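K.L.:
See coords29.cif below, with mmCIF, C-alpha atoms and all ligand atoms.
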```
data_structure
loop_
_atom_site.label_atom_id
_atom_site.label_comp_id
_atom_site.auth_asym_id
_atom_site.auth_seq_id
_atom_site.Cartn_x
_atom_site.Cartn_y
_atom_site.Cartn_z
CA MET A 13 -174.35 158.70 -12.90
CA LEU A 14 -172.97 155.18 -13.30
CA PRO A 15 -169.76 154.82 -15.30
CA SER A 16 -170.56 153.26 -18.67
CA ILE A 17 -169.50 149.67 -19.27
CA PRO A 18 -166.54 149.39 -21.66
CA ILE A 19 -167.16 148.06 -25.15
CA TYR A 20 -164.93 145.44 -26.76
CA GLU A 21 -164.32 144.04 -30.24
CA ILE A 22 -163.90 140.30 -30.84
CA TYR A 23 -161.53 138.93 -33.46
CA ALA A 24 -161.31 135.34 -34.69
CA VAL A 25 -157.70 134.32 -35.28
CA LYS A 26 -157.44 131.20 -37.44
CA TYR A 27 -154.21 129.32 -36.83
CA ALA A 28 -154.84 125.98 -38.58
CA GLY A 29 -157.13 124.37 -41.10
CA PRO A 30 -159.26 123.83 -42.97
CA PHE A 31 -159.80 120.25 -41.82
CA ILE A 32 -162.41 117.94 -43.31
CA ARG A 33 -164.52 116.11 -40.73
CA PRO A 34 -167.56 113.83 -40.90
CA VAL A 35 -170.64 115.93 -40.11
CA ALA A 36 -171.63 113.33 -37.49
CA LYS A 37 -168.55 114.28 -35.47
CA VAL A 38 -169.42 117.96 -35.43
CA LEU A 39 -173.23 117.64 -35.31
CA TRP A 40 -173.85 114.62 -33.09
CA ASN A 41 -175.35 111.60 -34.84
CA THR A 42 -176.49 113.42 -37.99
CA ASP A 43 -175.47 113.18 -41.65
CA TRP A 44 -173.10 110.23 -41.31
CA GLU A 45 -172.38 110.27 -45.03
CA LYS A 46 -171.57 114.00 -45.31
CA GLU A 47 -168.43 115.99 -44.61
CA ILE A 48 -167.78 119.50 -43.31
CA LYS A 49 -164.79 121.84 -43.14
CA ILE A 50 -163.67 123.33 -39.82
CA ASN A 51 -160.80 125.55 -38.66
CA TYR A 52 -158.80 125.95 -35.44
CA TYR A 53 -159.00 129.36 -33.79
CA ILE A 54 -158.03 131.51 -30.89
CA TRP A 55 -159.80 134.84 -30.25
CA VAL A 56 -158.67 138.35 -29.42
CA VAL A 57 -160.88 140.61 -27.32
CA LYS A 58 -159.85 144.21 -27.75
CA GLY A 59 -160.92 147.06 -25.51
CA ASN A 60 -159.75 150.63 -25.12
CA ASP A 61 -157.76 149.82 -22.03
CA GLU A 62 -156.99 146.15 -22.34
CA THR A 63 -156.60 143.45 -24.97
CA PHE A 64 -156.70 139.82 -23.96
CA VAL A 65 -156.68 136.46 -25.71
CA ILE A 66 -159.07 133.53 -25.48
CA ASP A 67 -157.30 130.16 -25.74
CA SER A 68 -153.68 129.53 -26.59
CA GLY A 69 -153.92 127.33 -29.67
CA VAL A 70 -151.20 124.83 -30.51
CA ALA A 71 -147.45 125.51 -30.25
CA PRO A 72 -145.18 124.56 -33.19
CA PRO A 73 -143.78 121.27 -31.78
CA LEU A 74 -147.19 119.60 -31.45
CA ALA A 75 -148.41 121.12 -34.72
CA GLN A 76 -145.43 119.59 -36.47
CA GLU A 77 -145.91 116.20 -34.82
CA MET A 78 -149.57 116.15 -35.79
CA GLY A 79 -148.89 117.54 -39.25
CA LEU A 80 -151.59 120.18 -38.73
CA GLN A 81 -152.68 121.40 -42.13
CA GLY A 82 -152.60 125.16 -42.74
CA TYR A 83 -150.82 125.75 -39.43
CA VAL A 84 -149.26 129.09 -38.62
CA SER A 85 -148.08 129.67 -35.07
CA PRO A 86 -150.65 131.79 -33.22
CA VAL A 87 -147.72 134.10 -32.36
CA HIS A 88 -147.20 134.88 -36.05
CA VAL A 89 -150.90 135.32 -36.80
CA LEU A 90 -151.30 137.70 -33.85
CA ALA A 91 -148.29 139.70 -35.09
CA ARG A 92 -150.22 140.40 -38.31
CA MET A 93 -152.65 142.50 -36.29
CA GLY A 94 -149.85 144.20 -34.39
CA ILE A 95 -150.09 142.05 -31.26
CA ASP A 96 -146.92 140.77 -29.65
CA ALA A 97 -147.87 137.57 -27.79
CA SER A 98 -145.30 138.35 -25.13
CA ASP A 99 -147.18 141.58 -24.32
CA ILE A 100 -150.42 139.72 -23.56
CA LYS A 101 -151.13 139.74 -19.84
CA LYS A 102 -154.35 137.69 -19.72
CA VAL A 103 -155.27 134.48 -21.54
CA VAL A 104 -158.60 132.82 -20.82
CA ILE A 105 -158.41 129.08 -21.42
CA THR A 106 -161.90 127.88 -22.27
CA HIS A 107 -161.08 124.20 -21.81
CA ILE A 108 -158.10 121.87 -21.69
CA HIS A 109 -158.25 120.17 -25.08
CA PHE A 110 -155.02 120.21 -27.11
CA ASP A 111 -156.27 122.66 -29.74
CA HIS A 112 -157.13 125.25 -27.08
CA ALA A 113 -154.55 124.73 -24.35
CA ASN A 114 -151.36 123.29 -25.82
CA GLY A 115 -149.81 126.67 -26.60
CA ILE A 116 -149.50 128.30 -23.20
CA GLU A 117 -145.74 128.67 -23.69
CA LEU A 118 -146.53 131.08 -26.54
CA PHE A 119 -147.68 133.64 -23.95
CA PRO A 120 -144.70 133.85 -21.59
CA ASN A 121 -145.97 136.86 -19.63
CA ALA A 122 -149.62 135.97 -19.39
CA THR A 123 -151.75 134.89 -16.49
CA PHE A 124 -154.07 132.03 -17.45
CA TYR A 125 -157.69 131.92 -16.28
CA ILE A 126 -159.22 128.44 -16.09
CA GLN A 127 -162.14 126.95 -14.24
CA GLU A 128 -160.88 124.96 -11.26
CA LYS A 129 -163.24 122.11 -12.17
CA GLU A 130 -161.65 121.88 -15.63
CA PHE A 131 -158.11 122.03 -14.26
CA ASN A 132 -158.74 119.40 -11.61
CA PHE A 133 -160.29 117.01 -14.11
CA TRP A 134 -157.62 117.15 -16.81
CA ILE A 135 -154.60 117.59 -14.57
CA LYS A 136 -155.53 115.49 -11.53
CA ASP A 137 -158.35 113.03 -12.22
CA PRO A 138 -157.24 109.55 -13.37
CA LEU A 139 -160.44 109.39 -15.47
CA ALA A 140 -158.91 111.94 -17.83
CA LYS A 141 -156.45 109.24 -18.90
CA LYS A 142 -159.25 107.02 -20.27
CA PRO A 143 -159.34 106.80 -24.07
CA PRO A 144 -162.35 109.05 -24.84
CA PHE A 145 -160.71 111.90 -22.92
CA LEU A 146 -157.10 111.15 -23.71
CA ILE A 147 -157.74 111.38 -27.44
CA LEU A 148 -158.33 115.15 -27.09
CA SER A 149 -155.72 115.73 -24.46
CA ASP A 150 -152.11 116.77 -24.75
CA LEU A 151 -150.06 115.58 -21.82
CA ARG A 152 -147.10 117.90 -22.38
CA GLY A 153 -149.29 120.99 -22.56
CA ASN A 154 -151.08 119.76 -19.45
CA ALA A 155 -147.75 119.32 -17.68
CA ASN A 156 -146.87 122.93 -18.55
CA LEU A 157 -150.15 124.04 -17.04
CA ALA A 158 -149.64 121.90 -13.96
CA LYS A 159 -146.29 123.61 -13.35
CA LEU A 160 -148.09 126.95 -13.06
CA GLU A 161 -150.31 125.82 -10.21
CA GLY A 162 -149.67 127.85 -7.09
CA THR A 163 -148.02 130.68 -9.05
CA GLU A 164 -149.55 134.05 -9.89
CA ARG A 165 -149.66 133.01 -13.56
CA LEU A 166 -152.57 130.63 -13.01
CA VAL A 167 -155.95 131.69 -11.68
CA LEU A 168 -158.37 128.84 -11.01
CA LEU A 169 -161.96 130.04 -10.98
CA LYS A 170 -164.80 128.60 -8.96
CA GLY A 171 -167.70 129.26 -11.31
CA ASP A 172 -168.86 132.51 -12.92
CA GLN A 173 -166.51 135.43 -12.48
CA VAL A 174 -166.06 138.98 -13.73
CA LEU A 175 -162.69 139.21 -15.50
CA LEU A 176 -162.81 142.92 -16.36
CA PRO A 177 -165.57 145.54 -16.51
CA GLY A 178 -167.76 144.30 -19.39
CA ILE A 179 -166.20 140.81 -19.45
CA GLU A 180 -167.57 137.81 -17.59
CA LEU A 181 -166.44 134.20 -17.56
CA LEU A 182 -169.26 131.65 -17.34
CA LEU A 183 -168.94 128.07 -16.24
CA ALA A 184 -170.51 126.22 -19.19
CA PRO A 185 -170.00 122.47 -18.77
CA GLY A 186 -171.02 119.74 -21.19
CA HIS A 187 -168.33 119.47 -23.84
CA THR A 188 -165.83 119.18 -20.98
CA PRO A 189 -166.41 119.13 -17.21
CA GLY A 190 -165.49 122.77 -16.64
CA LEU A 191 -165.54 124.58 -19.97
CA GLN A 192 -165.97 128.33 -19.62
CA ALA A 193 -167.56 130.75 -22.07
CA VAL A 194 -166.56 134.40 -22.32
CA VAL A 195 -169.31 137.03 -22.18
CA VAL A 196 -168.28 140.25 -23.89
CA ASN A 197 -169.99 143.65 -23.93
CA THR A 198 -169.89 144.83 -27.57
CA MET A 199 -171.42 147.63 -29.61
CA LYS A 200 -174.09 145.14 -30.78
CA GLY A 201 -174.90 144.06 -27.23
CA THR A 202 -173.88 141.04 -25.20
CA ALA A 203 -171.82 138.59 -27.24
CA ILE A 204 -170.44 135.25 -26.08
CA VAL A 205 -167.40 133.34 -27.25
CA GLY A 206 -168.63 129.88 -26.38
CA SER A 207 -165.58 128.09 -27.78
CA ASP A 208 -166.36 124.36 -28.15
CA CYS A 209 -169.65 124.61 -26.33
CA ALA A 210 -170.56 124.45 -30.01
CA HIS A 211 -168.27 123.52 -32.90
CA ILE A 212 -170.44 125.37 -35.44
CA PHE A 213 -173.31 127.89 -35.32
CA LYS A 214 -175.72 125.12 -36.25
CA ASN A 215 -175.09 123.33 -32.92
CA TYR A 216 -176.74 126.27 -31.17
CA GLU A 217 -179.46 126.71 -33.80
CA GLU A 218 -180.54 123.07 -33.67
CA GLU A 219 -179.51 122.36 -30.07
CA ILE A 220 -177.44 119.38 -31.11
CA PRO A 221 -173.89 119.40 -29.76
CA SER A 222 -170.78 117.85 -31.26
CA CYS A 223 -169.97 114.20 -30.55
CA PHE A 224 -167.34 115.15 -27.95
CA ILE A 225 -169.56 114.88 -24.90
CA ALA A 226 -168.57 114.85 -21.22
CA ASP A 227 -172.08 115.50 -19.87
CA MET A 228 -175.05 115.82 -22.22
CA VAL A 229 -177.53 116.98 -19.57
CA ALA A 230 -175.19 119.72 -18.38
CA TRP A 231 -174.57 120.65 -22.01
CA MET A 232 -178.26 121.22 -22.77
CA LYS A 233 -178.58 123.37 -19.63
CA THR A 234 -175.55 125.34 -20.77
CA TYR A 235 -177.19 125.98 -24.17
CA ASP A 236 -180.24 127.41 -22.39
CA GLN A 237 -178.06 129.57 -20.18
CA LEU A 238 -175.90 130.97 -22.98
CA LYS A 239 -178.92 131.64 -25.20
CA SER A 240 -180.69 133.49 -22.41
CA LYS A 241 -177.63 135.63 -21.78
CA VAL A 242 -176.64 136.61 -25.33
CA SER A 243 -178.33 139.61 -27.01
CA SER A 244 -179.00 137.65 -30.23
CA LEU A 245 -178.10 134.18 -31.46
CA ASP A 246 -175.72 135.55 -34.11
CA LEU A 247 -173.56 136.93 -31.29
CA LEU A 248 -173.01 133.46 -29.82
CA PHE A 249 -169.77 132.26 -31.39
CA PRO A 250 -168.75 128.61 -31.72
CA GLY A 251 -165.28 127.07 -31.55
CA HIS A 252 -164.57 125.81 -35.04
CA ASP A 253 -167.03 127.13 -37.64
CA ILE A 254 -165.37 127.97 -40.95
CA LYS A 255 -167.86 130.83 -41.29
CA MET A 256 -165.89 132.79 -38.69
CA SER A 257 -163.14 133.00 -41.34
CA THR A 258 -165.31 133.48 -44.40
CA GLN A 259 -168.34 135.55 -43.44
CA TYR A 260 -166.94 138.42 -41.35
CA PRO A 261 -164.87 141.48 -42.26
CA LYS A 262 -161.29 140.44 -42.94
CA VAL A 263 -158.75 142.43 -40.94
CA THR A 264 -155.68 140.73 -42.35
CA GLU A 265 -154.75 137.20 -43.47
CA ASP A 266 -156.50 134.65 -41.16
CA ILE A 267 -158.04 137.32 -38.92
CA THR A 268 -161.64 138.52 -39.02
CA ARG A 269 -163.62 140.90 -36.84
CA LEU A 270 -166.67 139.07 -35.47
CA VAL A 271 -168.14 142.12 -33.75
ZN ZN B 1 -161.69 122.60 -30.12
#
```
Would you write the structure of this file as structure tokens?

P.N.:
Amino acid sequence: MLPSIPIYEIYAVKYAGPFIRPVAKVLWNTDWEKEIKINYYIWVVKGNDETFVIDSGVAPPLAQEMGLQGYVSPVHVLARMGIDASDIKKVVITHIHFDHANGIELFPNATFYIQEKEFNFWIKDPLAKKPPFLILSDLRGNANLAKLEGTERLVLLKGDQVLLPGIELLLAPGHTPGLQAVVVNTMKGTAIVGSDCAHIFKNYEEEIPSCFIADMVAWMKTYDQLKSKVSSLDLLFPGHDIKMSTQYPKVTEDITRLV
């Protein structure tokens, strides 16, 4: 008999927001006159044997500089669910935008898992310094990441990879050159934390991405791939939808259980 695949729970951990954005920014080229609220999140994936974190959020110095509304350090939000950030051994970085990758110093004992393609673009490619990329980048956070190269605390992945039994990392480019989504075996079936592959659920429903585009053709292929992999569309979670805070069981302040 085959050993059964472990089952995990996924928690959305809101660490900043709400922010008001033009809809056209979040849902490319639509509703120029309307606005929408979004939040900033990291995610916790909890299994019987191992708990890991997806994305690192923003550390206090950058949050303060940017005046991030509703900011609480991810370390403090995680503590509300009994997680000590310094106990976390694995952090999957979905992509190297400031709101997902600035806070790596918050997890001093973690190994970070990033797609090599993503790392090489943001850390090494001069193109990443051009305005459309730089606007979402955080050079200090990137420098912290660069320092980890060659150490056991940084694992650069070449495409799809099994992280743990029941957990797979999928190369899912489009929003950024090497974004990765996290496929999670849950009690409802296969769920995916797609991070900013979509900002809101509606991006997936209508197959319109956000306006932050590195490669639109790759992005549409990624949508097909993620949709074919997930057990149902409601288990495909976006990066910034306010619904993740408001429409799921609340565990404690700013933390909800998605599945
Ligand atoms: Zn984001």

K.L.:
Listing only residues of chain A within 12 Å of ligand ZN 1 (chain B), what is the closest atom pair and its distance in Å (to one decimal) for each, using all atoms listed in the file, sorted by chain and residue number ascending, as a Markdown table?

P.N.:
```
| residue | atom | partner | partner_atom | distance |
| --- | --- | --- | --- | --- |
| A:Ala28 | CA | B:ZN1 | ZN | 11.4 |
| A:Val38 | CA | B:ZN1 | ZN | 10.5 |
| A:Ile50 | CA | B:ZN1 | ZN | 9.9 |
| A:Asn51 | CA | B:ZN1 | ZN | 9.1 |
| A:Tyr52 | CA | B:ZN1 | ZN | 6.9 |
| A:Tyr53 | CA | B:ZN1 | ZN | 8.1 |
| A:Ile54 | CA | B:ZN1 | ZN | 9.7 |
| A:Asp67 | CA | B:ZN1 | ZN | 9.8 |
| A:Ser68 | CA | B:ZN1 | ZN | 11.2 |
| A:Gly69 | CA | B:ZN1 | ZN | 9.1 |
| A:Val70 | CA | B:ZN1 | ZN | 10.7 |
| A:Ile105 | CA | B:ZN1 | ZN | 11.3 |
| A:Thr106 | CA | B:ZN1 | ZN | 9.5 |
| A:His107 | CA | B:ZN1 | ZN | 8.5 |
| A:Ile108 | CA | B:ZN1 | ZN | 9.2 |
| A:His109 | CA | B:ZN1 | ZN | 6.6 |
| A:Phe110 | CA | B:ZN1 | ZN | 7.7 |
| A:Asp111 | CA | B:ZN1 | ZN | 5.4 |
| A:His112 | CA | B:ZN1 | ZN | 6.1 |
| A:Ala113 | CA | B:ZN1 | ZN | 9.4 |
| A:Asn114 | CA | B:ZN1 | ZN | 11.2 |
| A:Leu148 | CA | B:ZN1 | ZN | 8.7 |
| A:Ser149 | CA | B:ZN1 | ZN | 10.7 |
| A:His187 | CA | B:ZN1 | ZN | 9.7 |
| A:Thr188 | CA | B:ZN1 | ZN | 10.6 |
| A:Leu191 | CA | B:ZN1 | ZN | 11.0 |
| A:Gly206 | CA | B:ZN1 | ZN | 10.7 |
| A:Ser207 | CA | B:ZN1 | ZN | 7.1 |
| A:Asp208 | CA | B:ZN1 | ZN | 5.4 |
| A:Cys209 | CA | B:ZN1 | ZN | 9.0 |
| A:Ala210 | CA | B:ZN1 | ZN | 9.1 |
| A:His211 | CA | B:ZN1 | ZN | 7.2 |
| A:Ile212 | CA | B:ZN1 | ZN | 10.6 |
| A:Ser222 | CA | B:ZN1 | ZN | 10.3 |
| A:Cys223 | CA | B:ZN1 | ZN | 11.8 |
| A:Phe224 | CA | B:ZN1 | ZN | 9.6 |
| A:Pro250 | CA | B:ZN1 | ZN | 9.4 |
| A:Gly251 | CA | B:ZN1 | ZN | 5.9 |
| A:His252 | CA | B:ZN1 | ZN | 6.5 |
| A:Asp253 | CA | B:ZN1 | ZN | 10.3 |
```

K.L.:
Which residue is closest to Ser257 of chain A? Choose from A:Gly186, A:Gly29, A:Pro138, A:Gly115 and count all atoms listed in the file.

P.N.:
A:Gly29

K.L.:
Counting all atoms listed in the file, figure out which residue out of A:Ala91, A:Val56, A:Asn215, A:Ser16 gets nearest to Thr264 of chain A.

P.N.:
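Nearest to Thr264 of chain A: A:Ala91.
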
K.L.:
Between A:Ile100, A:Ile95, A:Ala184, A:Ala193, which one has atoms that come closest to Val229 of chain A, using all atoms listed in the file?

P.N.:
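Of A:Ile100, A:Ile95, A:Ala184, A:Ala193, the one nearest Val229 of chain A is A:Ala184, counting all atoms listed in the file.
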
K.L.:
For Arg92 of chain A, which of A:Leu181, A:Val25, A:Leu175, A:Val104 is the closest residue, counting only C-alpha atoms?

P.N.:
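Checking each candidate against Arg92 of chain A, we get A:Val25 as the closest.
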
K.L.:
At a cut-off of 10 Å, using all atoms listed in the file, what residues contact Glu45 of chain A? Leave out same-chain residues fewer than 6 positions from it and give the result as a ChimeraX atom specification.

P.N.:
/A:34-36

K.L.:
Please compute the atom CA of Met232 of chain A-atom CA of Thr42 of chain A distance, one decimal, in Å.

P.N.:
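Answer for the atom CA of Met232 of chain A to atom CA of Thr42 of chain A separation: 17.2 Å.
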
K.L.:
Using only C-alpha atoms, find all polymer residues with an atom at most 10 Å away from the point (-160.5, 124.2, -12.0); report them as a ChimeraX atom specification.

P.N.:
/A:107,125-135,167-171,189-191

K.L.:
Closest to Val195 of chain A among A:Ile220, A:Leu39, A:Ile66, A:Ala230, using only C-alpha atoms?

P.N.:
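The answer is A:Ile66, which sits nearest to Val195 of chain A.
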
K.L.:
Which is closer to Lys37 of chain A than all the others in A:Lys239, A:Lys58, A:Asn121, A:Lys49, using all atoms listed in the file?

P.N.:
A:Lys49

K.L.:
Would you place a box with edges along x, y and z of the file around all atoms of segment 70-89 of chain A listed there, add 6 Å to each of its six sides, and report the centre and edge lengths in Å to one decimal, as AutoDock Vina command-line options?

P.N.:
```
--center_x -148.2 --center_y 125.7 --center_z -36.5 --size_x 20.9 --size_y 31.2 --size_z 24.5
```

K.L.:
Please report the interatomic distance between atom CA of Leu157 of chain A and atom CA of Lys136 of chain A in Å with one decimal.

P.N.:
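Atom CA of Leu157 of chain A sits 11.5 Å away from atom CA of Lys136 of chain A.
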
K.L.:
Atom CA of Asn41 of chain A and atom CA of Ala226 of chain A, how far apart in Å?

P.N.:
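Those two atoms sit 15.6 Å apart.
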
K.L.:
Compile the contact shell of Val263 of chain A as an MDAnalysis selection string: residues with an atom at most 10 Å away, counting all atoms listed in the file, same-chain residues fewer than 2 positions apart removed.

P.N.:
chainID A and resid 23:25 92:93 260:261 265:269
